[in-house]
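So this block is target-v5.pdb, PDB, C-alpha atoms:
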MODEL        1
ATOM      1  CA  MET Y   1    -248.698 116.134  84.071
ATOM      2  CA  ALA Y   2    -246.973 112.834  83.190
ATOM      3  CA  TYR Y   3    -246.114 114.017  79.671
ATOM      4  CA  GLY Y   4    -244.943 117.380  80.962
ATOM      5  CA  LEU Y   5    -242.703 115.772  83.582
ATOM      6  CA  THR Y   6    -241.267 113.409  80.963
ATOM      7  CA  ARG Y   7    -240.233 116.388  78.867
ATOM      8  CA  LEU Y   8    -238.647 118.097  81.878
ATOM      9  CA  LEU Y   9    -236.656 115.133  83.255
ATOM     10  CA  ARG Y  10    -234.211 114.791  80.385
ATOM     11  CA  THR Y  11    -230.843 115.241  82.104
ATOM     12  CA  GLU Y  12    -229.122 114.291  85.348
ATOM     13  CA  ASP Y  13    -229.421 117.891  86.543
ATOM     14  CA  ASP Y  14    -233.181 117.827  85.903
ATOM     15  CA  TRP Y  15    -233.574 114.865  88.231
ATOM     16  CA  SER Y  16    -231.401 116.490  90.899
ATOM     17  CA  ASP Y  17    -233.454 119.673  90.651
ATOM     18  CA  LEU Y  18    -236.633 117.649  91.112
ATOM     19  CA  LEU Y  19    -235.314 116.007  94.281
ATOM     20  CA  CYS Y  20    -234.349 119.427  95.593
ATOM     21  CA  PHE Y  21    -237.865 120.719  94.877
ATOM     22  CA  LEU Y  22    -239.430 117.713  96.621
ATOM     23  CA  ALA Y  23    -237.287 118.413  99.687
ATOM     24  CA  GLU Y  24    -238.446 122.024  99.677
ATOM     25  CA  LEU Y  25    -242.097 120.947  99.473
ATOM     26  CA  ASP Y  26    -241.684 118.399 102.261
ATOM     27  CA  PRO Y  27    -238.271 117.800 103.893
ATOM     28  CA  GLU Y  28    -239.448 114.998 106.204
ATOM     29  CA  PRO Y  29    -238.997 112.143 103.675
ATOM     30  CA  LEU Y  30    -235.430 113.308 103.025
ATOM     31  CA  ARG Y  31    -234.761 113.460 106.768
ATOM     32  CA  SER Y  32    -236.002 109.888 107.080
ATOM     33  CA  ALA Y  33    -233.965 108.656 104.098
ATOM     34  CA  LEU Y  34    -230.789 110.233 105.507
ATOM     35  CA  ARG Y  35    -231.602 109.139 109.086
ATOM     36  CA  MET Y  36    -231.157 112.660 110.425
ATOM     37  CA  ALA Y  37    -232.192 113.970 113.812
ATOM     38  CA  GLN Y  38    -234.973 116.479 114.333
ATOM     39  CA  GLY Y  39    -234.308 120.042 113.269
ATOM     40  CA  THR Y  40    -234.691 122.278 110.238
ATOM     41  CA  ILE Y  41    -233.709 120.538 106.981
ATOM     42  CA  THR Y  42    -232.476 122.668 104.082
ATOM     43  CA  VAL Y  43    -230.859 121.655 100.804
ATOM     44  CA  ARG Y  44    -228.253 123.495  98.745
ATOM     45  CA  ARG Y  45    -227.636 122.574  95.109
ATOM     46  CA  GLU Y  46    -224.377 122.792  93.167
ATOM     47  CA  VAL Y  47    -222.244 123.768  96.145
ATOM     48  CA  ARG Y  48    -218.747 124.824  95.117
ATOM     49  CA  VAL Y  49    -216.153 123.258  97.394
ATOM     50  CA  LYS Y  50    -212.483 124.124  97.884
ATOM     51  CA  THR Y  51    -210.438 123.559 101.017
ATOM     52  CA  GLY Y  52    -207.254 125.470 100.253
ATOM     53  CA  ARG Y  53    -204.654 126.485  97.716
ATOM     54  CA  GLY Y  54    -203.561 123.664  95.456
ATOM     55  CA  THR Y  55    -206.469 121.363  96.318
ATOM     56  CA  PRO Y  56    -208.984 120.177  93.715
ATOM     57  CA  THR Y  57    -212.293 122.005  93.420
ATOM     58  CA  GLY Y  58    -215.729 120.854  92.381
ATOM     59  CA  ARG Y  59    -219.460 121.331  92.777
ATOM     60  CA  VAL Y  60    -221.358 118.922  94.990
ATOM     61  CA  ASP Y  61    -224.836 118.140  93.636
ATOM     62  CA  PHE Y  62    -226.504 118.222  97.072
ATOM     63  CA  VAL Y  63    -225.498 119.403 100.492
ATOM     64  CA  VAL Y  64    -228.088 118.751 103.195
ATOM     65  CA  LEU Y  65    -228.028 120.996 106.261
ATOM     66  CA  LEU Y  66    -229.572 120.406 109.668
ATOM     67  CA  ASP Y  67    -230.225 123.647 111.537
ATOM     68  CA  GLY Y  68    -227.879 125.417 109.140
ATOM     69  CA  VAL Y  69    -224.955 122.976 109.548
ATOM     70  CA  ALA Y  70    -223.842 120.664 106.733
ATOM     71  CA  ARG Y  71    -224.601 117.089 107.752
ATOM     72  CA  ALA Y  72    -224.690 115.097 104.499
ATOM     73  CA  LEU Y  73    -223.788 115.386 100.840
ATOM     74  CA  MET Y  74    -225.089 113.538  97.807
ATOM     75  CA  GLU Y  75    -223.570 113.203  94.346
ATOM     76  CA  MET Y  76    -226.139 112.156  91.741
ATOM     77  CA  LYS Y  77    -224.938 109.847  88.967
ATOM     78  CA  LEU Y  78    -228.029 108.896  87.020
ATOM     79  CA  GLY Y  79    -226.242 108.338  83.734
ATOM     80  CA  ALA Y  80    -222.683 109.660  83.948
ATOM     81  CA  GLY Y  81    -219.740 107.838  85.452
ATOM     82  CA  ALA Y  82    -217.700 109.195  88.331
ATOM     83  CA  HIS Y  83    -214.222 110.656  88.057
ATOM     84  CA  GLY Y  84    -211.689 110.738  90.829
ATOM     85  CA  GLU Y  85    -210.687 114.405  90.960
ATOM     86  CA  GLN Y  86    -214.148 115.594  91.923
ATOM     87  CA  PHE Y  87    -214.313 113.173  94.841
ATOM     88  CA  ALA Y  88    -210.865 114.191  96.109
ATOM     89  CA  ALA Y  89    -212.285 117.707  96.464
ATOM     90  CA  TYR Y  90    -215.543 116.492  98.010
ATOM     91  CA  ASN Y  91    -213.776 114.292 100.537
ATOM     92  CA  ALA Y  92    -211.383 117.046 101.597
ATOM     93  CA  TRP Y  93    -214.293 119.453 102.066
ATOM     94  CA  ALA Y  94    -216.401 116.878 103.918
ATOM     95  CA  GLU Y  95    -213.526 116.114 106.280
ATOM     96  CA  ALA Y  96    -213.167 119.822 107.044
ATOM     97  CA  GLU Y  97    -216.920 120.067 107.673
ATOM     98  CA  GLY Y  98    -216.943 116.963 109.882
ATOM     99  CA  ILE Y  99    -219.222 114.923 107.597
ATOM    100  CA  PRO Y 100    -218.427 111.201 108.048
ATOM    101  CA  ALA Y 101    -218.062 108.860 105.077
ATOM    102  CA  ALA Y 102    -221.367 107.169 105.925
ATOM    103  CA  ASP Y 103    -223.132 110.472 105.204
ATOM    104  CA  ARG Y 104    -221.505 110.958 101.807
ATOM    105  CA  HIS Y 105    -223.859 109.362  99.313
ATOM    106  CA  LEU Y 106    -223.216 108.339  95.718
ATOM    107  CA  VAL Y 107    -226.712 108.015  94.257
ATOM    108  CA  GLY Y 108    -227.470 106.122  91.051
ATOM    109  CA  PRO Y 109    -230.733 105.042  89.413
ATOM    110  CA  ASN Y 110    -230.352 101.608  90.986
ATOM    111  CA  ALA Y 111    -227.735  99.569  92.807
ATOM    112  CA  ASP Y 112    -225.616  98.956  89.684
ATOM    113  CA  PRO Y 113    -221.924  99.797  90.187
ATOM    114  CA  ILE Y 114    -220.890 103.308  89.150
ATOM    115  CA  SER Y 115    -217.582 103.388  87.314
ATOM    116  CA  ASP Y 116    -214.704 104.774  89.364
ATOM    117  CA  GLY Y 117    -216.949 105.770  92.274
ATOM    118  CA  PRO Y 118    -215.311 106.193  95.692
ATOM    119  CA  ARG Y 119    -215.516 102.977  97.680
ATOM    120  CA  THR Y 120    -215.827 104.805 100.991
ATOM    121  CA  TRP Y 121    -219.069 106.544 100.004
ATOM    122  CA  SER Y 122    -222.444 105.044 100.789
ATOM    123  CA  ARG Y 123    -224.442 103.411  97.981
ATOM    124  CA  ARG Y 124    -227.426 102.800 100.269
ATOM    125  CA  LEU Y 125    -229.624 105.345  98.468
ATOM    126  CA  THR Y 126    -230.828 105.232  94.863
ATOM    127  CA  PHE Y 127    -233.008 107.601  92.847
ATOM    128  CA  GLY Y 128    -235.803 105.061  93.130
ATOM    129  CA  SER Y 129    -235.577 104.723  96.900
ATOM    130  CA  LEU Y 130    -235.398 108.497  97.349
ATOM    131  CA  LEU Y 131    -238.507 109.032  95.229
ATOM    132  CA  ASP Y 132    -240.299 106.304  97.188
ATOM    133  CA  SER Y 133    -239.604 108.285 100.358
ATOM    134  CA  TRP Y 134    -242.318 110.739  99.290
ATOM    135  CA  ASN Y 135    -244.987 108.037  98.798
ATOM    136  CA  SER Y 136    -246.614 109.008 102.096
ATOM    137  CA  SER Y 137    -245.756 112.693 102.018
ATOM    138  CA  SER Y 138    -248.231 115.054 103.627
ATOM    139  CA  ASP Y 139    -247.743 117.391 100.664
ATOM    140  CA  ASP Y 140    -250.052 116.414  97.798
ATOM    141  CA  LEU Y 141    -247.880 117.951  95.065
ATOM    142  CA  ALA Y 142    -244.711 116.313  96.370
ATOM    143  CA  ARG Y 143    -246.439 112.943  96.558
ATOM    144  CA  GLN Y 144    -247.820 113.220  93.011
ATOM    145  CA  LEU Y 145    -244.568 114.474  91.502
ATOM    146  CA  ALA Y 146    -242.556 111.696  93.135
ATOM    147  CA  ALA Y 147    -244.990 109.060  91.836
ATOM    148  CA  ARG Y 148    -244.841 110.451  88.281
ATOM    149  CA  ALA Y 149    -241.057 110.662  88.407
ATOM    150  CA  HIS Y 150    -240.827 107.068  89.584
ATOM    151  CA  GLN Y 151    -242.883 106.008  86.555
ATOM    152  CA  GLN Y 152    -240.428 107.899  84.356
ATOM    153  CA  LEU Y 153    -237.489 106.178  86.063
ATOM    154  CA  VAL Y 154    -239.063 102.771  85.373
ATOM    155  CA  MET Y 155    -239.472 103.786  81.731
ATOM    156  CA  LEU Y 156    -235.822 104.843  81.504
ATOM    157  CA  GLU Y 157    -234.717 101.487  82.902
ATOM    158  CA  ALA Y 158    -236.891  99.686  80.338
ATOM    159  CA  GLU Y 159    -235.519 101.804  77.487
ATOM    160  CA  ALA Y 160    -231.962 101.149  78.661
ATOM    161  CA  THR Y 161    -232.341  97.398  78.220
ATOM    162  CA  GLY Y 162    -234.871  97.205  75.375
ATOM    163  CA  PRO Y 163    -234.537  97.807  71.619
ATOM    164  CA  ALA Y 164    -232.212 100.736  70.891
ATOM    165  CA  ASN Y 165    -234.665 102.298  68.437
ATOM    166  CA  GLN Y 166    -237.273 102.650  71.189
ATOM    167  CA  ALA Y 167    -235.137 104.880  73.431
ATOM    168  CA  SER Y 168    -236.635 108.352  73.732
ATOM    169  CA  ILE Y 169    -233.812 110.409  75.281
ATOM    170  CA  ALA Y 170    -230.020 110.313  75.564
ATOM    171  CA  LEU Y 171    -230.278 109.549  79.284
ATOM    172  CA  SER Y 172    -231.581 106.090  78.362
ATOM    173  CA  ASP Y 173    -228.426 105.585  76.295
ATOM    174  CA  ALA Y 174    -226.269 106.659  79.231
ATOM    175  CA  LEU Y 175    -227.928 104.044  81.446
ATOM    176  CA  ARG Y 176    -227.597 101.433  78.691
ATOM    177  CA  LEU Y 177    -223.897 102.079  78.161
ATOM    178  CA  ARG Y 178    -223.134 102.185  81.881
ATOM    179  CA  ARG Y 179    -224.550  98.686  82.215
ATOM    180  CA  LEU Y 180    -222.919  97.578  78.966
ATOM    181  CA  ALA Y 181    -219.554  98.780  80.266
ATOM    182  CA  ARG Y 182    -219.924  96.798  83.475
ATOM    183  CA  LEU Y 183    -221.045  93.588  81.763
ATOM    184  CA  THR Y 184    -218.366  93.645  79.068
ATOM    185  CA  ARG Y 185    -215.551  94.808  81.326
ATOM    186  CA  ASP Y 186    -216.198  91.970  83.770
ATOM    187  CA  ALA Y 187    -215.747  89.415  80.976
ATOM    188  CA  ALA Y 188    -213.140  91.229  78.859
ATOM    189  CA  PRO Y 189    -209.879  89.496  77.921
ATOM    190  CA  GLU Y 190    -206.974  90.189  80.231
ATOM    191  CA  GLY Y 191    -205.105  93.342  79.256
ATOM    192  CA  THR Y 192    -208.196  95.256  78.108
ATOM    193  CA  GLU Y 193    -208.417  98.807  79.464
ATOM    194  CA  PHE Y 194    -211.630 100.842  79.735
ATOM    195  CA  ASN Y 195    -212.295 104.561  79.769
ATOM    196  CA  LEU Y 196    -214.351 104.815  82.949
ATOM    197  CA  ARG Y 197    -215.806 108.249  82.201
ATOM    198  CA  GLN Y 198    -218.103 106.782  79.550
ATOM    199  CA  HIS Y 199    -218.603 109.824  77.368
ATOM    200  CA  SER Y 200    -217.122 111.051  74.105
ATOM    201  CA  LYS Y 201    -215.370 114.360  73.520
ATOM    202  CA  MET Y 202    -218.781 115.691  72.447
ATOM    203  CA  GLY Y 203    -220.238 114.601  75.788
ATOM    204  CA  ALA Y 204    -222.339 111.806  74.292
ATOM    205  CA  PRO Y 205    -222.691 108.444  76.088
ATOM    206  CA  ASN Y 206    -219.770 106.344  74.921
ATOM    207  CA  ILE Y 207    -217.586 103.386  75.881
ATOM    208  CA  CYS Y 208    -213.972 103.216  74.806
ATOM    209  CA  ALA Y 209    -211.735 100.183  75.433
ATOM    210  CA  TRP Y 210    -208.249  99.439  74.173
ATOM    211  CA  ARG Y 211    -205.214  97.174  74.307
ATOM    212  CA  GLU Y 212    -201.562  98.076  74.081
ATOM    213  CA  THR Y 213    -199.732  96.718  71.047
ATOM    214  CA  GLU Y 214    -196.172  96.891  69.783
ATOM    215  CA  ASP Y 215    -197.391  99.666  67.436
ATOM    216  CA  GLY Y 216    -199.304 101.661  70.036
ATOM    217  CA  TYR Y 217    -202.947 100.780  70.721
ATOM    218  CA  VAL Y 218    -205.872  98.961  69.208
ATOM    219  CA  VAL Y 219    -209.179 100.574  70.179
ATOM    220  CA  ALA Y 220    -212.873  99.650  70.304
ATOM    221  CA  GLU Y 221    -215.509 102.325  70.813
ATOM    222  CA  ILE Y 222    -219.301 102.256  70.878
ATOM    223  CA  GLN Y 223    -221.851 105.078  70.788
ATOM    224  CA  ARG Y 224    -224.747 106.369  68.697
ATOM    225  CA  LEU Y 225    -223.707 106.782  65.070
ATOM    226  CA  GLN Y 226    -224.618 110.481  65.187
ATOM    227  CA  PRO Y 227    -225.044 111.224  68.911
ATOM    228  CA  ARG Y 228    -225.959 114.865  68.362
ATOM    229  CA  ARG Y 229    -229.150 113.671  66.669
ATOM    230  CA  GLY Y 230    -230.211 112.010  69.910
ATOM    231  CA  THR Y 231    -231.656 108.492  69.717
ATOM    232  CA  ASN Y 232    -232.751 108.586  66.062
ATOM    233  CA  SER Y 233    -229.686 106.802  64.734
ATOM    234  CA  PRO Y 234    -228.219 103.311  65.277
ATOM    235  CA  PHE Y 235    -225.344 102.396  67.542
ATOM    236  CA  GLU Y 236    -221.928 102.088  65.960
ATOM    237  CA  ILE Y 237    -218.778 100.260  67.023
ATOM    238  CA  ARG Y 238    -215.453 101.497  65.726
ATOM    239  CA  ILE Y 239    -212.394  99.273  65.521
ATOM    240  CA  MET Y 240    -209.315 101.484  65.290
ATOM    241  CA  VAL Y 241    -205.539 101.538  65.554
ATOM    242  CA  GLN Y 242    -203.603 104.385  67.109
ATOM    243  CA  THR Y 243    -199.888 105.145  67.284
ATOM    244  CA  PRO Y 244    -198.154 106.701  70.306
ATOM    245  CA  GLN Y 245    -197.733 109.900  68.252
ATOM    246  CA  ALA Y 246    -201.515 109.927  67.615
ATOM    247  CA  THR Y 247    -201.139 112.027  64.472
ATOM    248  CA  SER Y 248    -203.430 111.611  61.495
ATOM    249  CA  ALA Y 249    -200.537 110.688  59.214
ATOM    250  CA  ALA Y 250    -199.059 108.090  61.577
ATOM    251  CA  ASN Y 251    -202.441 106.566  62.423
ATOM    252  CA  GLY Y 252    -203.413 106.459  58.754
ATOM    253  CA  SER Y 253    -200.191 104.694  57.806
ATOM    254  CA  LEU Y 254    -200.718 102.109  60.532
ATOM    255  CA  ALA Y 255    -204.304 101.584  59.384
ATOM    256  CA  ASP Y 256    -203.045 101.086  55.835
ATOM    257  CA  ARG Y 257    -200.856  98.242  57.073
ATOM    258  CA  HIS Y 258    -203.761  96.572  58.863
ATOM    259  CA  GLN Y 259    -206.631  97.497  56.579
ATOM    260  CA  LYS Y 260    -207.793  93.930  56.020
ATOM    261  CA  TRP Y 261    -207.828  93.195  59.753
ATOM    262  CA  LEU Y 262    -209.682  96.448  60.517
ATOM    263  CA  ALA Y 263    -212.423  95.784  57.956
ATOM    264  CA  ARG Y 264    -215.953  95.223  59.240
ATOM    265  CA  ASN Y 265    -216.439  92.041  57.173
ATOM    266  CA  ASN Y 266    -213.238  90.517  58.549
ATOM    267  CA  PHE Y 267    -214.419  91.109  62.121
ATOM    268  CA  VAL Y 268    -217.886  89.715  61.332
ATOM    269  CA  GLN Y 269    -216.398  86.595  59.752
ATOM    270  CA  HIS Y 270    -214.259  86.068  62.858
ATOM    271  CA  ALA Y 271    -217.159  86.700  65.269
ATOM    272  CA  GLY Y 272    -219.553  84.279  63.582
ATOM    273  CA  PRO Y 273    -223.307  84.039  62.928
ATOM    274  CA  SER Y 274    -224.545  85.382  66.298
ATOM    275  CA  VAL Y 275    -222.822  88.711  65.639
ATOM    276  CA  ARG Y 276    -223.502  88.731  61.883
ATOM    277  CA  ALA Y 277    -227.240  88.917  62.624
ATOM    278  CA  LEU Y 278    -226.691  92.073  64.703
ATOM    279  CA  VAL Y 279    -224.651  94.014  62.119
ATOM    280  CA  LYS Y 280    -225.911  96.101  59.207
ATOM    281  CA  ASP Y 281    -224.266  95.222  55.858
ATOM    282  CA  PRO Y 282    -221.999  92.564  57.381
ATOM    283  CA  GLU Y 283    -220.274  91.975  54.027
ATOM    284  CA  ASP Y 284    -219.190  95.617  53.706
ATOM    285  CA  ASP Y 285    -215.656  96.629  54.745
ATOM    286  CA  GLY Y 286    -216.943  99.520  56.907
ATOM    287  CA  PHE Y 287    -214.605 102.169  55.494
ATOM    288  CA  LYS Y 288    -215.630 105.588  54.201
ATOM    289  CA  LYS Y 289    -216.583 105.730  50.553
ATOM    290  CA  LYS Y 290    -216.753 109.513  50.149
ATOM    291  CA  PRO Y 291    -213.532 110.845  48.577
ATOM    292  CA  GLY Y 292    -211.891 113.950  49.925
ATOM    293  CA  ALA Y 293    -212.662 113.334  53.609
ATOM    294  CA  LYS Y 294    -210.229 114.808  56.133
ATOM    295  CA  GLY Y 295    -207.007 112.870  56.632
ATOM    296  CA  HIS Y 296    -207.056 109.340  55.267
ATOM    297  CA  PRO Y 297    -210.534 109.295  53.647
ATOM    298  CA  GLN Y 298    -211.062 105.544  53.797
ATOM    299  CA  TYR Y 299    -211.027 105.422  57.620
ATOM    300  CA  TYR Y 300    -213.296 106.468  60.447
ATOM    301  CA  GLY Y 301    -211.673 108.096  63.434
ATOM    302  CA  TYR Y 302    -210.607 111.352  65.047
ATOM    303  CA  GLU Y 303    -207.928 113.944  64.692
ATOM    304  CA  GLY Y 304    -205.425 112.888  67.341
ATOM    305  CA  GLY Y 305    -207.266 109.588  67.783
ATOM    306  CA  GLY Y 306    -207.483 106.198  66.118
ATOM    307  CA  HIS Y 307    -208.219 105.310  62.493
ATOM    308  CA  GLY Y 308    -210.317 102.323  61.493
ATOM    309  CA  SER Y 309    -213.681 100.922  60.423
ATOM    310  CA  SER Y 310    -217.314 101.387  61.379
ATOM    311  CA  VAL Y 311    -219.479  98.454  62.493
ATOM    312  CA  VAL Y 312    -223.080  99.690  62.469
ATOM    313  CA  LEU Y 313    -225.521  97.660  64.545
ATOM    314  CA  GLN Y 314    -229.119  96.920  63.636
ATOM    315  CA  ASP Y 315    -231.589  99.545  64.888
ATOM    316  CA  THR Y 316    -233.435  96.996  67.025
ATOM    317  CA  VAL Y 317    -230.539  95.610  69.084
ATOM    318  CA  ASP Y 318    -231.265  95.384  72.801
ATOM    319  CA  LEU Y 319    -228.798  95.481  75.681
ATOM    320  CA  ASN Y 320    -228.074  91.744  75.521
ATOM    321  CA  ASP Y 321    -227.382  92.015  71.783
ATOM    322  CA  MET Y 322    -224.997  94.886  72.405
ATOM    323  CA  VAL Y 323    -223.177  92.910  75.088
ATOM    324  CA  THR Y 324    -222.755  90.084  72.557
ATOM    325  CA  ALA Y 325    -221.445  92.419  69.841
ATOM    326  CA  PHE Y 326    -219.112  94.534  71.983
ATOM    327  CA  SER Y 327    -217.735  91.486  73.815
ATOM    328  CA  ALA Y 328    -216.958  89.949  70.428
ATOM    329  CA  VAL Y 329    -215.078  93.113  69.431
ATOM    330  CA  LEU Y 330    -213.044  93.045  72.651
ATOM    331  CA  GLU Y 331    -212.095  89.454  71.920
ATOM    332  CA  TYR Y 332    -211.263  90.426  68.338
ATOM    333  CA  LEU Y 333    -208.782  93.038  69.599
ATOM    334  CA  THR Y 334    -206.674  90.184  70.975
ATOM    335  CA  THR Y 335    -206.157  88.927  67.382
ATOM    336  CA  TYR Y 336    -204.365  92.122  66.318
ATOM    337  CA  PRO Y 337    -201.637  91.042  63.844
ATOM    338  CA  LYS Y 338    -198.110  90.945  65.197
ATOM    339  CA  HIS Y 339    -195.043  91.745  63.138
TER     340      HIS Y 339
ENDMDL
END

Serialized structure, structure tokens:
Amino acid sequence: MAYGLTRLLRTEDDWSDLLCFLAELDPEPLRSALRMAQGTITVRREVRVKTGRGTPTGRVDFVVLLDGVARALMEMKLGAGAHGEQFAAYNAWAEAEGIPAADRHLVGPNADPISDGPRTWSRRLTFGSLLDSWNSSSDDLARQLAARAHQQLVMLEAEATGPANQASIALSDALRLRRLARLTRDAAPEGTEFNLRQHSKMGAPNICAWRETEDGYVVAEIQRLQPRRGTNSPFEIRIMVQTPQATSAANGSLADRHQKWLARNNFVQHAGPSVRALVKDPEDDGFKKKPGAKGHPQYYGYEGGGHGSSVVLQDTVDLNDMVTAFSAVLEYLTTYPKH
């Protein structure tokens, strides 16, 4: 059963579905966790909310009803960050339903801050505490499933902080990068901006930070080197420049002007021995070697995004190593050459 559950609990939705199933098997632990009065507890998943024309819409992960009336809602953020538009819709709907802020729950794997989460929502509940609620359930299956899931949650937490090459699923990376974002943002040089959504255009766990320059922006980004392959590739940091026009030609020209500064070996030399030990091929410049690549072939980057170099980290880096490396990159951004 443990192996089977591990294979099933691979996404945030999987974990939300499990909690819904536990509540269907035995609703009493959920009643206790939410401090609800006696009555019939039911749970609705993925509830579409809209309060009127022109207002934002969204889908609430959980709405908990007491005797058929909505009394609480929960948004599960196991790996993903929050984004404001969804909570504008949820708050408007909750106000119309008479659900107080104390009964709107933002639920993470632990008590770590969730990027851009609404400050008025309760963070009292976590995935771990909810699962623990079924420890004494009268339903044998619910009790066993909750215990197995809690073991899986502990494993995810361990994978999120341990060596990167020991992570088994992308959800571990999402937890790792959420914590990495918090730790590096708290200590980042003044003027550093972060993308709080923490995922790439492909939906992979990702952190993007940048600084404004007289030319546009200088950007640092970290994610798996090939995120669509899952956790079988190393983490990569990209150091890029981007113009306000954000065209391939303009970005490539700007990168040409700052090629030496963008190079991996120049960053490593600036960062020093502690970072050098974490980087693969620290003497390499980190530019593409394959001719004929799209746009400016010597640079890594995106169409409509920045152009720059690739800093590939050692397979075995743990969370602390990644904090060291990414913090060094954020400091390096402050050395961007001025005219």

Hits of the PyMOL selection byres ((chain Y and resi 36) around 12) in this structure, as a PDB file with C-alpha atoms, in the coordinates of the input:
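Just written: out.pdb:
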ATOM      1  CA  PRO Y  27    -238.271 117.800 103.893  1.00  0.00           C
ATOM      2  CA  GLU Y  28    -239.448 114.998 106.204  1.00  0.00           C
ATOM      3  CA  PRO Y  29    -238.997 112.143 103.675  1.00  0.00           C
ATOM      4  CA  LEU Y  30    -235.430 113.308 103.025  1.00  0.00           C
ATOM      5  CA  ARG Y  31    -234.761 113.460 106.768  1.00  0.00           C
ATOM      6  CA  SER Y  32    -236.002 109.888 107.080  1.00  0.00           C
ATOM      7  CA  ALA Y  33    -233.965 108.656 104.098  1.00  0.00           C
ATOM      8  CA  LEU Y  34    -230.789 110.233 105.507  1.00  0.00           C
ATOM      9  CA  ARG Y  35    -231.602 109.139 109.086  1.00  0.00           C
ATOM     10  CA  ALA Y  37    -232.192 113.970 113.812  1.00  0.00           C
ATOM     11  CA  GLN Y  38    -234.973 116.479 114.333  1.00  0.00           C
ATOM     12  CA  GLY Y  39    -234.308 120.042 113.269  1.00  0.00           C
ATOM     13  CA  THR Y  40    -234.691 122.278 110.238  1.00  0.00           C
ATOM     14  CA  ILE Y  41    -233.709 120.538 106.981  1.00  0.00           C
ATOM     15  CA  THR Y  42    -232.476 122.668 104.082  1.00  0.00           C
ATOM     16  CA  VAL Y  64    -228.088 118.751 103.195  1.00  0.00           C
ATOM     17  CA  LEU Y  65    -228.028 120.996 106.261  1.00  0.00           C
ATOM     18  CA  LEU Y  66    -229.572 120.406 109.668  1.00  0.00           C
ATOM     19  CA  ASP Y  67    -230.225 123.647 111.537  1.00  0.00           C
ATOM     20  CA  ALA Y  70    -223.842 120.664 106.733  1.00  0.00           C
ATOM     21  CA  ARG Y  71    -224.601 117.089 107.752  1.00  0.00           C
ATOM     22  CA  ALA Y  72    -224.690 115.097 104.499  1.00  0.00           C
ATOM     23  CA  ASP Y 103    -223.132 110.472 105.204  1.00  0.00           C
TER      24      ASP Y 103
END

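Closest to Met155 in chain Y among Y:Gly58, Y:Pro109, Y:Gly230, Y:Gly117 is Y:Pro109, based on all atoms listed in the file.
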
| request: Considering all atoms listed in the file, state which residue in the set Y:Val60, Y:Ala146, Y:Val107, Y:Ile169 is at the smallest distance from Ser133 in chain Y. | output: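 Of all the options, Y:Ala146 lies closest to Ser133 in chain Y.
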
Here CA of Ala250 in chain Y and CA of Gln269 in chain Y stand apart by 27.7 Å

task: May I have the residues within 12 Å of Phe87 in chain Y as a list in words, using all atoms listed in the file and disregarding those fewer than 5 positions away in the same chain?
output: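 Neighbouring residues, sequence-local ones excluded: Val49, Lys50, Thr55, Pro56, Thr57, Gly58, Arg59, Val60, Asp61, Leu73, Met74, Glu75, Ala82, Ala92, Trp93, Ala94, Glu95, Ala101, Arg104, His105, Leu106, Asp116, Gly117, Pro118, Arg119, Thr120 and Trp121 of chain Y.
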
Using only C-alpha atoms, the residue out of Y:Gly98, Y:Gly128, Y:Pro234, Y:Gly79 with shortest distance to Leu171 in chain Y is Y:Gly79

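Residues matched by the PyMOL selection byres ((chain Y and resi 313) around 8) in this file are Y:Pro234, Y:Phe235, Y:Glu236, Y:Ile237, Y:Leu278, Y:Val279, Y:Lys280, Y:Val311, Y:Val312, Y:Gln314, Y:Asp315, Y:Val317.
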
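With CA of Thr161 in chain Y on one side and CA of His270 in chain Y on the other, the separation reads 26.3 Å.
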
> So what do you get for CA of Asp281 in chain Y versus CA of Gly252 in chain Y, distance-wise?
Replying inline: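 Pair CA of Asp281 in chain Y / CA of Gly252 in chain Y returns 23.9 Å.
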
Could you complete range 111-118 of chain Y so that it carries N, CA and C atoms, and give it back as a compact mmCIF listing (two decimals), in the coordinates of the input?
# COMPACT_ATOMS: atom_id res chain seq x y z
N ALA Y 111 -228.92 99.99 92.06
CA ALA Y 111 -227.74 99.57 92.81
C ALA Y 111 -226.57 99.14 91.91
N ASP Y 112 -226.71 99.30 90.59
CA ASP Y 112 -225.62 98.96 89.68
C ASP Y 112 -224.34 99.71 90.06
N PRO Y 113 -223.18 99.08 89.91
CA PRO Y 113 -221.92 99.80 90.19
C PRO Y 113 -221.79 101.04 89.32
N ILE Y 114 -221.17 102.08 89.88
CA ILE Y 114 -220.89 103.31 89.15
C ILE Y 114 -219.39 103.38 88.93
N SER Y 115 -218.99 103.46 87.67
CA SER Y 115 -217.58 103.39 87.31
C SER Y 115 -216.75 104.40 88.08
N ASP Y 116 -215.70 103.92 88.71
CA ASP Y 116 -214.70 104.77 89.36
C ASP Y 116 -215.27 105.56 90.54
N GLY Y 117 -216.39 105.11 91.10
CA GLY Y 117 -216.95 105.77 92.27
C GLY Y 117 -216.12 105.48 93.51
N PRO Y 118 -216.10 106.40 94.47
CA PRO Y 118 -215.31 106.19 95.69
C PRO Y 118 -215.88 105.06 96.54
